[in-house]
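Dropping target37.cif in here (mmCIF, N, CA and C atoms and all ligand atoms):
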data_start
loop_
_atom_site.label_atom_id
_atom_site.label_comp_id
_atom_site.auth_asym_id
_atom_site.auth_seq_id
_atom_site.Cartn_x
_atom_site.Cartn_y
_atom_site.Cartn_z
N MET A 1 -5.82 -6.38 -6.21
CA MET A 1 -5.97 -7.42 -5.20
C MET A 1 -4.93 -7.19 -4.13
N ALA A 2 -5.34 -7.37 -2.90
CA ALA A 2 -4.39 -7.19 -1.81
C ALA A 2 -4.68 -8.22 -0.73
N TYR A 3 -3.60 -8.75 -0.18
CA TYR A 3 -3.73 -9.79 0.83
C TYR A 3 -2.75 -9.50 1.96
N THR A 4 -3.07 -10.01 3.14
CA THR A 4 -2.15 -9.87 4.26
C THR A 4 -0.95 -10.78 4.04
N GLY A 5 0.06 -10.60 4.85
CA GLY A 5 1.24 -11.45 4.75
C GLY A 5 0.92 -12.92 4.95
N HIS A 6 -0.19 -13.19 5.64
CA HIS A 6 -0.61 -14.58 5.85
C HIS A 6 -1.54 -15.07 4.73
N GLY A 7 -1.80 -14.24 3.72
CA GLY A 7 -2.57 -14.68 2.56
C GLY A 7 -4.07 -14.50 2.68
N HIS A 8 -4.53 -13.61 3.58
CA HIS A 8 -5.96 -13.37 3.71
C HIS A 8 -6.36 -12.09 2.98
N HIS A 9 -7.52 -12.14 2.33
CA HIS A 9 -8.00 -11.02 1.52
C HIS A 9 -8.24 -9.77 2.36
N ILE A 10 -7.80 -8.62 1.86
CA ILE A 10 -8.05 -7.33 2.52
C ILE A 10 -9.35 -6.77 1.98
N PRO A 11 -10.35 -6.53 2.85
CA PRO A 11 -11.66 -6.07 2.40
C PRO A 11 -11.56 -4.79 1.56
N GLY A 12 -12.42 -4.67 0.56
CA GLY A 12 -12.45 -3.47 -0.27
C GLY A 12 -11.48 -3.50 -1.42
N THR A 13 -10.76 -4.60 -1.59
CA THR A 13 -9.84 -4.74 -2.72
C THR A 13 -10.33 -5.91 -3.58
N PRO A 14 -9.98 -5.92 -4.87
CA PRO A 14 -10.40 -7.04 -5.72
C PRO A 14 -9.91 -8.37 -5.15
N ASN A 15 -10.73 -9.39 -5.28
CA ASN A 15 -10.42 -10.69 -4.68
C ASN A 15 -10.10 -11.72 -5.76
N THR A 16 -9.10 -11.40 -6.57
CA THR A 16 -8.71 -12.33 -7.63
C THR A 16 -7.34 -12.91 -7.29
N ARG A 17 -7.03 -14.01 -7.87
CA ARG A 17 -5.75 -14.69 -7.67
C ARG A 17 -5.39 -14.81 -6.19
N GLN A 18 -6.31 -15.32 -5.43
CA GLN A 18 -6.09 -15.50 -3.99
C GLN A 18 -4.95 -16.49 -3.75
N PRO A 19 -4.09 -16.20 -2.79
CA PRO A 19 -3.01 -17.16 -2.48
C PRO A 19 -3.59 -18.54 -2.17
N LYS A 20 -2.86 -19.59 -2.60
CA LYS A 20 -3.41 -20.95 -2.50
C LYS A 20 -3.49 -21.45 -1.06
N ASN A 21 -2.51 -21.11 -0.26
CA ASN A 21 -2.45 -21.68 1.09
C ASN A 21 -2.35 -20.59 2.15
N PRO A 22 -3.47 -19.88 2.43
CA PRO A 22 -3.39 -18.88 3.49
C PRO A 22 -3.12 -19.56 4.84
N VAL A 23 -2.39 -18.87 5.69
CA VAL A 23 -2.04 -19.42 7.00
C VAL A 23 -3.31 -19.55 7.85
N ALA A 24 -3.43 -20.64 8.57
CA ALA A 24 -4.59 -20.86 9.46
C ALA A 24 -4.35 -20.12 10.77
N CYS A 25 -4.45 -18.78 10.67
CA CYS A 25 -4.10 -17.93 11.81
C CYS A 25 -5.33 -17.27 12.42
N GLY A 26 -6.48 -17.44 11.78
CA GLY A 26 -7.68 -16.76 12.26
C GLY A 26 -8.07 -15.60 11.36
N GLY A 27 -7.14 -15.18 10.48
CA GLY A 27 -7.46 -14.17 9.47
C GLY A 27 -7.60 -12.76 10.02
N ILE A 28 -8.26 -11.92 9.24
CA ILE A 28 -8.26 -10.47 9.50
C ILE A 28 -9.09 -10.07 10.72
N ASN A 29 -9.85 -10.98 11.28
CA ASN A 29 -10.64 -10.63 12.47
C ASN A 29 -10.00 -11.10 13.77
N HIS A 30 -9.01 -12.02 13.68
CA HIS A 30 -8.47 -12.62 14.90
C HIS A 30 -6.95 -12.56 14.99
N CYS A 31 -6.26 -12.53 13.87
CA CYS A 31 -4.79 -12.61 13.89
C CYS A 31 -4.19 -11.20 13.97
N LEU A 32 -3.32 -10.98 14.93
CA LEU A 32 -2.73 -9.64 15.12
C LEU A 32 -1.93 -9.20 13.90
N ARG A 33 -1.18 -10.11 13.30
CA ARG A 33 -0.39 -9.79 12.11
C ARG A 33 -1.31 -9.36 10.94
N CYS A 34 -2.39 -10.11 10.72
CA CYS A 34 -3.31 -9.79 9.63
C CYS A 34 -4.04 -8.48 9.90
N ILE A 35 -4.46 -8.26 11.14
CA ILE A 35 -5.13 -7.00 11.50
C ILE A 35 -4.19 -5.83 11.22
N LYS A 36 -2.91 -5.98 11.59
CA LYS A 36 -1.91 -4.93 11.36
C LYS A 36 -1.72 -4.69 9.85
N ASP A 37 -1.64 -5.75 9.07
CA ASP A 37 -1.46 -5.60 7.62
C ASP A 37 -2.64 -4.87 6.98
N VAL A 38 -3.86 -5.21 7.41
CA VAL A 38 -5.05 -4.54 6.87
C VAL A 38 -5.01 -3.06 7.21
N ARG A 39 -4.67 -2.75 8.46
CA ARG A 39 -4.63 -1.35 8.91
C ARG A 39 -3.59 -0.55 8.12
N GLU A 40 -2.43 -1.13 7.91
CA GLU A 40 -1.37 -0.43 7.16
C GLU A 40 -1.79 -0.20 5.71
N TYR A 41 -2.41 -1.22 5.12
CA TYR A 41 -2.84 -1.07 3.73
C TYR A 41 -3.88 0.05 3.61
N GLN A 42 -4.84 0.06 4.53
CA GLN A 42 -5.90 1.08 4.46
C GLN A 42 -5.33 2.48 4.69
N GLU A 43 -4.31 2.61 5.53
CA GLU A 43 -3.69 3.92 5.75
C GLU A 43 -3.02 4.42 4.47
N ILE A 44 -2.37 3.51 3.75
CA ILE A 44 -1.72 3.89 2.49
C ILE A 44 -2.77 4.34 1.48
N MET A 45 -3.89 3.60 1.39
CA MET A 45 -4.93 3.96 0.43
C MET A 45 -5.55 5.31 0.76
N VAL A 46 -5.73 5.61 2.04
CA VAL A 46 -6.29 6.91 2.43
C VAL A 46 -5.35 8.03 1.99
N GLN A 47 -4.05 7.82 2.17
CA GLN A 47 -3.09 8.84 1.75
C GLN A 47 -3.14 9.05 0.23
N MET A 48 -3.27 7.93 -0.51
CA MET A 48 -3.32 8.05 -1.97
C MET A 48 -4.54 8.86 -2.40
N ASP A 49 -5.68 8.55 -1.76
CA ASP A 49 -6.90 9.25 -2.15
C ASP A 49 -6.87 10.71 -1.73
N PHE A 50 -6.14 11.01 -0.66
CA PHE A 50 -6.07 12.39 -0.22
C PHE A 50 -5.44 13.25 -1.31
N ASP A 51 -4.39 12.77 -1.94
CA ASP A 51 -3.77 13.54 -3.02
C ASP A 51 -4.34 13.06 -4.36
N HIS A 52 -5.64 13.31 -4.53
CA HIS A 52 -6.30 12.79 -5.73
C HIS A 52 -5.81 13.46 -7.00
N VAL A 53 -5.33 14.69 -6.92
CA VAL A 53 -4.86 15.38 -8.12
C VAL A 53 -3.60 14.69 -8.66
N GLN A 54 -2.67 14.38 -7.76
CA GLN A 54 -1.46 13.69 -8.21
C GLN A 54 -1.78 12.30 -8.73
N LYS A 55 -2.71 11.62 -8.06
CA LYS A 55 -3.12 10.29 -8.49
C LYS A 55 -3.72 10.36 -9.90
N ALA A 56 -4.60 11.36 -10.13
CA ALA A 56 -5.22 11.53 -11.45
C ALA A 56 -4.16 11.82 -12.51
N LYS A 57 -3.19 12.66 -12.18
CA LYS A 57 -2.13 13.00 -13.13
C LYS A 57 -1.31 11.76 -13.50
N ASP A 58 -0.99 10.94 -12.50
CA ASP A 58 -0.21 9.72 -12.75
C ASP A 58 -0.99 8.74 -13.62
N LEU A 59 -2.27 8.56 -13.30
CA LEU A 59 -3.11 7.65 -14.08
C LEU A 59 -3.27 8.14 -15.51
N LEU A 60 -3.48 9.44 -15.66
CA LEU A 60 -3.67 10.01 -16.98
C LEU A 60 -2.41 9.86 -17.83
N ARG A 61 -1.28 10.08 -17.22
CA ARG A 61 -0.02 9.96 -17.93
C ARG A 61 0.18 8.51 -18.43
N ALA A 62 -0.09 7.55 -17.56
CA ALA A 62 0.03 6.14 -17.95
C ALA A 62 -0.96 5.82 -19.08
N TYR A 63 -2.17 6.36 -18.97
CA TYR A 63 -3.21 6.13 -19.97
C TYR A 63 -2.80 6.71 -21.32
N ILE A 64 -2.28 7.92 -21.31
CA ILE A 64 -1.86 8.58 -22.55
C ILE A 64 -0.66 7.84 -23.15
N ASP A 65 0.29 7.48 -22.30
CA ASP A 65 1.47 6.76 -22.79
C ASP A 65 1.07 5.47 -23.51
N LEU A 66 0.12 4.74 -22.93
CA LEU A 66 -0.33 3.48 -23.55
C LEU A 66 -1.02 3.74 -24.88
N GLY A 67 -1.91 4.76 -24.90
CA GLY A 67 -2.70 5.04 -26.08
C GLY A 67 -1.90 5.60 -27.24
N TYR A 68 -0.95 6.46 -26.90
CA TYR A 68 -0.20 7.14 -27.96
C TYR A 68 1.01 6.36 -28.42
N PHE A 69 1.64 5.72 -27.46
CA PHE A 69 2.97 5.18 -27.74
C PHE A 69 2.99 3.68 -27.47
N GLY A 70 2.07 2.98 -28.16
CA GLY A 70 1.90 1.56 -27.90
C GLY A 70 3.04 0.70 -28.40
N SER A 71 3.62 1.07 -29.53
CA SER A 71 4.69 0.24 -30.08
C SER A 71 6.04 0.71 -29.53
N GLN A 72 7.03 -0.17 -29.62
CA GLN A 72 8.36 0.16 -29.12
C GLN A 72 8.94 1.36 -29.89
N GLU A 73 8.66 1.40 -31.19
CA GLU A 73 9.18 2.50 -32.01
C GLU A 73 8.57 3.83 -31.58
N GLU A 74 7.24 3.81 -31.35
CA GLU A 74 6.57 5.04 -30.89
C GLU A 74 7.09 5.46 -29.51
N TRP A 75 7.31 4.45 -28.66
CA TRP A 75 7.80 4.73 -27.30
C TRP A 75 9.17 5.39 -27.37
N ASN A 76 10.02 4.89 -28.26
CA ASN A 76 11.37 5.43 -28.38
C ASN A 76 11.36 6.89 -28.85
N GLN A 77 10.32 7.27 -29.62
CA GLN A 77 10.25 8.64 -30.13
C GLN A 77 9.30 9.51 -29.31
N LYS A 78 8.92 9.03 -28.15
CA LYS A 78 7.94 9.73 -27.32
C LYS A 78 8.47 11.11 -26.93
N PRO A 79 7.71 12.16 -27.24
CA PRO A 79 8.15 13.49 -26.85
C PRO A 79 8.00 13.68 -25.35
N ASP A 80 8.80 14.55 -24.79
CA ASP A 80 8.65 14.89 -23.38
C ASP A 80 7.42 15.79 -23.26
N TYR A 81 6.52 15.44 -22.38
CA TYR A 81 5.33 16.27 -22.22
C TYR A 81 4.90 16.33 -20.77
N LYS A 82 4.08 17.31 -20.46
CA LYS A 82 3.59 17.46 -19.10
C LYS A 82 2.08 17.37 -19.08
N VAL A 83 1.54 16.92 -17.96
CA VAL A 83 0.10 16.95 -17.73
C VAL A 83 -0.20 18.23 -16.97
N VAL A 84 -1.13 19.03 -17.52
CA VAL A 84 -1.46 20.33 -16.92
C VAL A 84 -2.90 20.26 -16.40
N VAL A 85 -3.07 20.43 -15.10
CA VAL A 85 -4.41 20.37 -14.50
C VAL A 85 -5.12 21.70 -14.73
N LEU A 86 -6.35 21.64 -15.29
CA LEU A 86 -7.13 22.84 -15.57
C LEU A 86 -8.12 23.13 -14.46
N TRP A 87 -8.63 22.06 -13.85
CA TRP A 87 -9.72 22.24 -12.90
C TRP A 87 -9.88 20.97 -12.09
N THR A 88 -10.24 21.10 -10.82
CA THR A 88 -10.51 19.92 -10.01
C THR A 88 -11.74 20.17 -9.15
N SER A 89 -12.39 19.10 -8.75
CA SER A 89 -13.47 19.22 -7.80
C SER A 89 -13.52 17.97 -6.95
N MET A 90 -14.07 18.12 -5.76
CA MET A 90 -14.24 16.98 -4.87
C MET A 90 -15.55 17.17 -4.13
N VAL A 91 -16.44 16.18 -4.25
CA VAL A 91 -17.70 16.22 -3.52
C VAL A 91 -17.81 14.93 -2.73
N LEU A 92 -17.91 15.05 -1.42
CA LEU A 92 -17.83 13.89 -0.52
C LEU A 92 -16.55 13.13 -0.87
N ASP A 93 -16.65 11.86 -1.24
CA ASP A 93 -15.43 11.11 -1.57
C ASP A 93 -15.24 10.95 -3.08
N ASN A 94 -16.09 11.61 -3.86
CA ASN A 94 -15.95 11.56 -5.32
C ASN A 94 -15.09 12.74 -5.77
N TRP A 95 -14.31 12.53 -6.82
CA TRP A 95 -13.52 13.65 -7.33
C TRP A 95 -13.40 13.61 -8.84
N GLU A 96 -13.12 14.77 -9.40
CA GLU A 96 -12.87 14.91 -10.84
C GLU A 96 -11.66 15.82 -11.05
N VAL A 97 -10.87 15.47 -12.03
CA VAL A 97 -9.73 16.30 -12.41
C VAL A 97 -9.80 16.47 -13.93
N VAL A 98 -9.83 17.72 -14.39
CA VAL A 98 -9.83 18.01 -15.82
C VAL A 98 -8.43 18.51 -16.17
N ALA A 99 -7.85 17.93 -17.21
CA ALA A 99 -6.46 18.26 -17.53
C ALA A 99 -6.23 18.18 -19.03
N ARG A 100 -5.15 18.80 -19.46
CA ARG A 100 -4.67 18.66 -20.83
C ARG A 100 -3.19 18.32 -20.73
N THR A 101 -2.55 18.14 -21.87
CA THR A 101 -1.11 17.91 -21.85
C THR A 101 -0.44 19.00 -22.67
N THR A 102 0.87 19.01 -22.66
CA THR A 102 1.60 19.96 -23.50
C THR A 102 1.81 19.41 -24.91
N LEU A 103 1.26 18.20 -25.18
CA LEU A 103 1.24 17.70 -26.57
C LEU A 103 0.26 18.58 -27.36
N LEU A 104 0.53 18.85 -28.60
CA LEU A 104 -0.32 19.76 -29.37
C LEU A 104 -1.45 18.98 -30.06
N ASP A 105 -2.28 18.31 -29.26
CA ASP A 105 -3.33 17.46 -29.83
C ASP A 105 -4.74 17.97 -29.56
N LYS A 106 -4.88 19.11 -28.88
CA LYS A 106 -6.17 19.72 -28.56
C LYS A 106 -7.07 18.82 -27.71
N LYS A 107 -6.50 17.84 -27.04
CA LYS A 107 -7.31 16.93 -26.23
C LYS A 107 -7.39 17.42 -24.79
N ILE A 108 -8.58 17.23 -24.22
CA ILE A 108 -8.81 17.55 -22.82
C ILE A 108 -9.37 16.29 -22.18
N TYR A 109 -8.88 15.96 -20.99
CA TYR A 109 -9.26 14.72 -20.32
C TYR A 109 -9.96 15.02 -19.00
N LYS A 110 -10.95 14.21 -18.71
CA LYS A 110 -11.60 14.29 -17.40
C LYS A 110 -11.39 12.95 -16.70
N VAL A 111 -10.67 12.98 -15.59
CA VAL A 111 -10.45 11.79 -14.78
C VAL A 111 -11.41 11.88 -13.61
N SER A 112 -12.30 10.89 -13.46
CA SER A 112 -13.28 10.98 -12.38
C SER A 112 -13.32 9.69 -11.57
N TYR A 113 -13.43 9.86 -10.26
CA TYR A 113 -13.50 8.74 -9.34
C TYR A 113 -14.89 8.70 -8.74
N ASN A 114 -15.55 7.55 -8.88
CA ASN A 114 -16.88 7.34 -8.31
C ASN A 114 -16.72 6.46 -7.07
N CYS A 115 -16.92 7.05 -5.93
CA CYS A 115 -16.70 6.34 -4.66
C CYS A 115 -17.66 5.16 -4.51
N ALA A 116 -18.89 5.31 -4.99
CA ALA A 116 -19.89 4.24 -4.81
C ALA A 116 -19.48 2.96 -5.55
N THR A 117 -18.89 3.11 -6.73
CA THR A 117 -18.48 1.94 -7.51
C THR A 117 -17.01 1.62 -7.31
N GLY A 118 -16.24 2.58 -6.78
CA GLY A 118 -14.80 2.39 -6.62
C GLY A 118 -14.05 2.44 -7.93
N LYS A 119 -14.71 2.99 -8.99
CA LYS A 119 -14.10 2.98 -10.31
C LYS A 119 -13.62 4.36 -10.73
N ILE A 120 -12.57 4.37 -11.52
CA ILE A 120 -12.04 5.60 -12.09
C ILE A 120 -12.28 5.55 -13.59
N ALA A 121 -12.82 6.65 -14.14
CA ALA A 121 -13.06 6.73 -15.57
C ALA A 121 -12.24 7.87 -16.16
N ILE A 122 -11.80 7.71 -17.39
CA ILE A 122 -11.11 8.78 -18.10
C ILE A 122 -11.89 9.08 -19.37
N ASP A 123 -12.42 10.29 -19.48
CA ASP A 123 -13.12 10.73 -20.69
C ASP A 123 -12.18 11.64 -21.47
N THR A 124 -12.18 11.49 -22.80
CA THR A 124 -11.33 12.31 -23.65
C THR A 124 -12.21 13.22 -24.50
N TYR A 125 -11.91 14.51 -24.48
CA TYR A 125 -12.63 15.50 -25.29
C TYR A 125 -11.63 16.15 -26.24
N VAL A 126 -12.13 16.62 -27.38
CA VAL A 126 -11.27 17.34 -28.30
C VAL A 126 -11.78 18.78 -28.40
N LEU A 127 -10.90 19.71 -28.18
CA LEU A 127 -11.25 21.12 -28.29
C LEU A 127 -11.47 21.44 -29.76
N VAL A 128 -12.69 21.82 -30.11
CA VAL A 128 -13.01 22.12 -31.50
C VAL A 128 -12.60 23.55 -31.82
N ARG A 129 -12.87 24.44 -30.89
CA ARG A 129 -12.63 25.84 -31.17
C ARG A 129 -12.56 26.62 -29.87
N SER A 130 -11.78 27.66 -29.85
CA SER A 130 -11.70 28.51 -28.67
C SER A 130 -11.65 29.97 -29.13
N ASP A 131 -12.64 30.75 -28.74
CA ASP A 131 -12.70 32.15 -29.14
C ASP A 131 -12.71 33.03 -27.90
N VAL A 132 -12.07 34.16 -28.00
CA VAL A 132 -12.15 35.15 -26.93
C VAL A 132 -13.15 36.21 -27.37
N LEU A 133 -14.17 36.41 -26.55
CA LEU A 133 -15.22 37.36 -26.92
C LEU A 133 -14.78 38.78 -26.60
N PRO A 134 -15.21 39.74 -27.45
CA PRO A 134 -14.96 41.14 -27.12
C PRO A 134 -15.69 41.49 -25.83
N LYS A 135 -15.24 42.51 -25.15
CA LYS A 135 -15.79 42.83 -23.83
C LYS A 135 -17.29 43.07 -23.85
N HIS A 136 -17.82 43.80 -24.84
CA HIS A 136 -19.24 44.11 -24.83
C HIS A 136 -20.11 42.86 -24.99
N GLU A 137 -19.59 41.82 -25.68
CA GLU A 137 -20.38 40.59 -25.85
C GLU A 137 -20.40 39.77 -24.57
N ALA A 138 -19.43 39.97 -23.71
CA ALA A 138 -19.38 39.20 -22.47
C ALA A 138 -20.26 39.82 -21.40
N GLY A 139 -20.99 40.91 -21.74
CA GLY A 139 -21.91 41.53 -20.79
C GLY A 139 -21.21 42.43 -19.81
N GLN A 140 -20.09 42.99 -20.21
CA GLN A 140 -19.30 43.85 -19.32
C GLN A 140 -19.84 45.25 -19.31
ZN ZN A 201 -2.67 -13.90 10.03
#
Let me see the file written as structure tokens.
Ligand SMILES: [Zn+2]
Amino acid sequence: MAYTGHGHHIPGTPNTRQPKNPVACGGINHCLRCIKDVREYQEIMVQMDFDHVQKAKDLLRAYIDLGYFGSQEEWNQKPDYKVVVLWTSMVLDNWEVVARTTLLDKKIYKVSYNCATGKIAIDTYVLVRSDVLPKHEAGQ
């Protein structure tokens, strides 16, 4: 949820917990302060989406931290690990980032952003097996 300094909703953001007493200034279509706040917010969001790989890495790290290390005891023993990006793609405004971590759990994650719904999904896969084929089997 995002609101201008005068308490008016910024379009394209969730509209929950709206401020109780927005200023009677004319809002995002008439008030210069609100128009400026909307413009600044949208510029920040564009920058965030531009670096979608870093955004995906940050989200994935938070997601893994919550899932793996939910209790205080687990958090205290949390190993240092890195998120390693394996592959990325971007089509129009949609993007996907496939990554693993340096934790030895054989998990591979796909972080995907659907522009039409504005939602980000994280799928978790487990690597069952990995074989390197001899050259003649690879059609060389
Ligand atoms: Zn205003």
Requested in this report: Within 5 Å of stretch 1-10 of chain A, counting all atoms listed in the file, which residues show up once you throw out same-chain ones fewer than 2 positions away? Write them as a PyMOL selection string, please.
Outcome: chain A and resi 12-14+22-23
Residues within 6 Å of ligand ZN 201 (chain A) (only C-alpha atoms and all ligand atoms), as a PDB file with N, CA and C atoms, in the coordinates of the input?
ATOM      1  N   HIS A   6      -0.190 -13.190   5.640  1.00  0.00           N
ATOM      2  CA  HIS A   6      -0.610 -14.580   5.850  1.00  0.00           C
ATOM      3  C   HIS A   6      -1.540 -15.070   4.730  1.00  0.00           C
ATOM      4  N   CYS A  25      -4.450 -18.780  10.670  1.00  0.00           N
ATOM      5  CA  CYS A  25      -4.100 -17.930  11.810  1.00  0.00           C
ATOM      6  C   CYS A  25      -5.330 -17.270  12.420  1.00  0.00           C
ATOM      7  N   GLY A  27      -7.140 -15.180  10.480  1.00  0.00           N
ATOM      8  CA  GLY A  27      -7.460 -14.170   9.470  1.00  0.00           C
ATOM      9  C   GLY A  27      -7.600 -12.760  10.020  1.00  0.00           C
ATOM     10  N   CYS A  31      -6.260 -12.530  13.870  1.00  0.00           N
ATOM     11  CA  CYS A  31      -4.790 -12.610  13.890  1.00  0.00           C
ATOM     12  C   CYS A  31      -4.190 -11.200  13.970  1.00  0.00           C
ATOM     13  N   ARG A  33      -1.180 -10.110  13.300  1.00  0.00           N
ATOM     14  CA  ARG A  33      -0.390  -9.790  12.110  1.00  0.00           C
ATOM     15  C   ARG A  33      -1.310  -9.360  10.940  1.00  0.00           C
ATOM     16  N   CYS A  34      -2.390 -10.110  10.720  1.00  0.00           N
ATOM     17  CA  CYS A  34      -3.310  -9.790   9.630  1.00  0.00           C
ATOM     18  C   CYS A  34      -4.040  -8.480   9.900  1.00  0.00           C
TER      19      CYS A  34
END
Query raised in the report: Got a sec to tell me which of chain A DSSP assigns to strand (DSSP E), as a count of residues only?
Result: 33
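Residues lying within 10 Å of A:Lys78, counting only C-alpha atoms and ignoring same-chain neighbours fewer than 3 positions away, are A:Asp65, A:Tyr68, A:Phe69, A:Gln72, A:Glu73, A:Glu74, A:Trp75, A:Tyr81.
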Requested in this report: Just list the residues in stretch 23-127 of chain A DSSP gives alpha helix (DSSP H) on the backbone, as a PyMOL selection string.
Outcome: chain A and resi 32-50+52-68+72-76
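Going from atom CA of A:Ser71 to atom CA of A:Gln54 covers 26.4 Å.
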Report task. Find the spatial neighbours of A:Lys82, counting only C-alpha atoms, within a cut-off of 12 Å - ignore same-chain residues fewer than 5 positions away - and output them as a ChimeraX atom specification. Result -> /A:57-58,60-62,64-65,99-104
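Our summary of the geometry notes that atom N of A:Met90 is positioned 9.6 Å from atom C of A:His52.
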Query - Computed interatomic separation between atom C of A:Val84 and atom C of A:Thr117 (Å) - result: 25.1 Å
Report task. Show which residues sit within 8 Å of A:Asn94, as a list in words. Count only N, CA and C atoms, and ignore same-chain residues fewer than 4 positions away. Result -> Ser89, Met90, Ser112, Tyr113, Asn114, Cys115 and Ala116 of chain A
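Counting only N, CA and C atoms and comparing A:Leu59, A:Leu127, A:Val53, A:Leu66, the residue that lies closest to A:Glu96 is A:Val53.
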Report summary line: Restricting to only C-alpha atoms, whichever of A:Val97, A:Val128, A:Ala121, A:Leu133 is closest to A:Tyr63 is A:Ala121
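Nearest residue to A:Lys110, choosing from A:Val132, A:Ile35, A:Ile122, A:Ala24 and counting only N, CA and C atoms: A:Ile122.
Using only N, CA and C atoms for every distance, the candidate list A:Val111, A:Val126, A:Ala56, A:Leu32 yields A:Val111 as the residue closest to A:Trp95.
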